[in-house]
Amino acid sequence: MSNTKNTEEPQGSQESQDSQESRTSTDDNRTTKRPSPMELLRQARGQLAELTGMEAESVSSFEQTEEGWSLEVEVLELERVPDTMSLMASYQVELDPDGELTGYRRVRRYERGRADPHRSGGR
């Protein structure tokens with residue numbers, strides 16, 4: 001019977017080791033896999049909020065660049081009553097290919113209820 005116990009323990013250990021190896025390879029796959037566009041957007045919004053203290057309300061543009069990703073994010077900078085008078089801002093956010101924020105800057109500030117001036121050329 002002692003032989004049976006000895007053979008069962010290594011099998012249990014082997015199963016545990018296989019399970020750990022499986023998890024490690026799964027974790028490795030996650031680190032090498034590029035984030036999806038939705039994951040990138042969530043990461044960018046979260047990182048910008050952490051840095052500026054302002055929550056992103058929307059992402060108005062999103063494109064892949066040679067260096068990674070470029071987004072334009074709309075944030076509420078100053079809440080006013082009525083809400084249409086609140087001050088909004090557009091931030092240009094740059095991410096590396098893995099979704100880490102590499103830089104940001106405010107590109108415009110506007111009242112929420114105000115539309116952009118009409119530009120010639122249909123835009």
# chains A, B, ... in the order shown; residues from 1 in each chain; ligands from 1
call {"tool": "residues_around", "arguments": {"residues": "A:Ser58", "least_positions_apart": "6", "cutoff": "9 Å", "atoms": "only C-alpha atoms", "output": "short mmCIF file (atom, residue, chain, number, x, y, z; two decimals) with N, CA and C atoms, in the first residue's frame"}}
result
data_model
loop_
_atom_site.label_atom_id
_atom_site.label_comp_id
_atom_site.auth_asym_id
_atom_site.auth_seq_id
_atom_site.Cartn_x
_atom_site.Cartn_y
_atom_site.Cartn_z
N ARG A 45 -8.50 55.60 -21.91
CA ARG A 45 -9.42 56.40 -21.08
C ARG A 45 -9.00 56.33 -19.61
N GLU A 72 -8.40 60.89 -30.04
CA GLU A 72 -8.88 62.17 -29.55
C GLU A 72 -9.99 61.86 -28.57
N VAL A 73 -9.79 62.30 -27.33
CA VAL A 73 -10.69 61.95 -26.24
C VAL A 73 -11.36 63.22 -25.72
N GLU A 74 -12.68 63.14 -25.54
CA GLU A 74 -13.45 64.28 -25.02
C GLU A 74 -13.64 64.11 -23.52
N VAL A 75 -13.30 65.17 -22.76
CA VAL A 75 -13.47 65.12 -21.31
C VAL A 75 -14.24 66.35 -20.83
#
call {"tool": "residues_around", "arguments": {"residues": "A:Gly103", "least_positions_apart": "2", "cutoff": "8 Å", "atoms": "only C-alpha atoms", "output": "MDAnalysis selection string"}}
result
chainID A and resid 93:95 101 105
call {"tool": "closest_residue", "arguments": {"among": "A:Arg112, A:Phe62, A:Gly99, A:Pro117", "to": "A:Ser36", "atoms": "only C-alpha atoms"}}
result
A:Gly99
call {"tool": "atom_distance", "arguments": {"atom1": "atom CA of A:Ala44", "atom2": "atom CA of A:Met85"}}
result
26.3 Å
call {"tool": "residues_around", "arguments": {"residues": "A:Arg108", "least_positions_apart": "2", "cutoff": "7 Å", "atoms": "only C-alpha atoms", "output": "list in words"}}
result
Ala89, Ser90, Arg106 and Tyr110 of chain A
call {"tool": "residues_around", "arguments": {"residues": "A:Leu40", "least_positions_apart": "6", "cutoff": "12 Å", "atoms": "only C-alpha atoms", "output": "list in words"}}
result
Arg34, Gly46, Gln47, Val59, Phe62, Glu63, Gln64, Gly68, Trp69, Ser70, Leu71, Val93, Glu94, Leu95, Asp96, Pro97, Asp98, Gly99, Glu100 and Leu101 of chain A
call {"tool": "write_last_selection", "arguments": {"atoms": "N, CA and C atoms", "output": "PDB file, in the first residue's frame"}}
result
ATOM      1  N   ARG A  34      -1.389  41.254 -28.868  1.00  0.00           N
ATOM      2  CA  ARG A  34      -1.701  42.684 -28.883  1.00  0.00           C
ATOM      3  C   ARG A  34      -3.107  42.908 -28.368  1.00  0.00           C
ATOM      4  N   GLY A  46      -8.671  55.134 -19.148  1.00  0.00           N
ATOM      5  CA  GLY A  46      -8.273  54.967 -17.750  1.00  0.00           C
ATOM      6  C   GLY A  46      -6.972  55.679 -17.424  1.00  0.00           C
ATOM      7  N   GLN A  47      -5.991  55.571 -18.316  1.00  0.00           N
ATOM      8  CA  GLN A  47      -4.702  56.217 -18.077  1.00  0.00           C
ATOM      9  C   GLN A  47      -4.821  57.737 -18.107  1.00  0.00           C
ATOM     10  N   VAL A  59     -14.624  58.943 -27.021  1.00  0.00           N
ATOM     11  CA  VAL A  59     -13.460  58.954 -27.897  1.00  0.00           C
ATOM     12  C   VAL A  59     -13.978  59.346 -29.269  1.00  0.00           C
ATOM     13  N   PHE A  62      -9.894  57.612 -33.465  1.00  0.00           N
ATOM     14  CA  PHE A  62      -9.030  56.509 -33.063  1.00  0.00           C
ATOM     15  C   PHE A  62      -8.371  55.966 -34.320  1.00  0.00           C
ATOM     16  N   GLU A  63      -7.032  55.992 -34.375  1.00  0.00           N
ATOM     17  CA  GLU A  63      -6.356  55.469 -35.558  1.00  0.00           C
ATOM     18  C   GLU A  63      -4.993  54.889 -35.193  1.00  0.00           C
ATOM     19  N   GLN A  64      -4.582  53.913 -35.979  1.00  0.00           N
ATOM     20  CA  GLN A  64      -3.270  53.308 -35.799  1.00  0.00           C
ATOM     21  C   GLN A  64      -2.247  54.155 -36.535  1.00  0.00           C
ATOM     22  N   GLY A  68       2.216  53.580 -32.960  1.00  0.00           N
ATOM     23  CA  GLY A  68       1.255  52.922 -32.067  1.00  0.00           C
ATOM     24  C   GLY A  68      -0.169  53.315 -32.417  1.00  0.00           C
ATOM     25  N   TRP A  69      -0.754  54.150 -31.548  1.00  0.00           N
ATOM     26  CA  TRP A  69      -2.144  54.562 -31.720  1.00  0.00           C
ATOM     27  C   TRP A  69      -2.299  56.035 -31.369  1.00  0.00           C
ATOM     28  N   SER A  70      -3.247  56.695 -32.025  1.00  0.00           N
ATOM     29  CA  SER A  70      -3.561  58.092 -31.751  1.00  0.00           C
ATOM     30  C   SER A  70      -5.069  58.202 -31.538  1.00  0.00           C
ATOM     31  N   LEU A  71      -5.464  58.857 -30.459  1.00  0.00           N
ATOM     32  CA  LEU A  71      -6.875  59.023 -30.131  1.00  0.00           C
ATOM     33  C   LEU A  71      -7.167  60.475 -29.826  1.00  0.00           C
ATOM     34  N   VAL A  93      -4.308  61.904 -27.542  1.00  0.00           N
ATOM     35  CA  VAL A  93      -3.648  60.900 -26.711  1.00  0.00           C
ATOM     36  C   VAL A  93      -2.868  59.961 -27.613  1.00  0.00           C
ATOM     37  N   GLU A  94      -1.602  59.757 -27.284  1.00  0.00           N
ATOM     38  CA  GLU A  94      -0.739  58.858 -28.050  1.00  0.00           C
ATOM     39  C   GLU A  94      -0.441  57.618 -27.214  1.00  0.00           C
ATOM     40  N   LEU A  95      -0.565  56.436 -27.847  1.00  0.00           N
ATOM     41  CA  LEU A  95      -0.283  55.169 -27.185  1.00  0.00           C
ATOM     42  C   LEU A  95       0.787  54.414 -27.966  1.00  0.00           C
ATOM     43  N   ASP A  96       1.569  53.604 -27.258  1.00  0.00           N
ATOM     44  CA  ASP A  96       2.498  52.727 -27.953  1.00  0.00           C
ATOM     45  C   ASP A  96       1.712  51.530 -28.493  1.00  0.00           C
ATOM     46  N   PRO A  97       2.332  50.619 -29.246  1.00  0.00           N
ATOM     47  CA  PRO A  97       1.593  49.494 -29.833  1.00  0.00           C
ATOM     48  C   PRO A  97       0.897  48.598 -28.806  1.00  0.00           C
ATOM     49  N   ASP A  98       1.400  48.583 -27.560  1.00  0.00           N
ATOM     50  CA  ASP A  98       0.809  47.749 -26.523  1.00  0.00           C
ATOM     51  C   ASP A  98      -0.282  48.455 -25.730  1.00  0.00           C
ATOM     52  N   GLY A  99      -0.556  49.721 -26.061  1.00  0.00           N
ATOM     53  CA  GLY A  99      -1.635  50.444 -25.391  1.00  0.00           C
ATOM     54  C   GLY A  99      -1.201  51.291 -24.212  1.00  0.00           C
ATOM     55  N   GLU A 100       0.092  51.446 -24.005  1.00  0.00           N
ATOM     56  CA  GLU A 100       0.572  52.285 -22.907  1.00  0.00           C
ATOM     57  C   GLU A 100       0.626  53.734 -23.365  1.00  0.00           C
ATOM     58  N   LEU A 101       0.110  54.626 -22.559  1.00  0.00           N
ATOM     59  CA  LEU A 101       0.085  56.047 -22.894  1.00  0.00           C
ATOM     60  C   LEU A 101       1.506  56.596 -22.944  1.00  0.00           C
TER      61      LEU A 101
END
call {"tool": "atom_distance", "arguments": {"atom1": "atom CA of A:Glu39", "atom2": "atom CA of A:Leu87"}}
result
27.5 Å
call {"tool": "closest_residue", "arguments": {"among": "A:Met88, A:Glu67, A:Val81, A:Arg42", "to": "A:Met54", "atoms": "only C-alpha atoms"}}
result
A:Met88
call {"tool": "closest_residue", "arguments": {"among": "A:Glu57, A:Glu79, A:Glu111, A:Asp116", "to": "A:Leu41", "atoms": "only C-alpha atoms"}}
result
A:Glu57
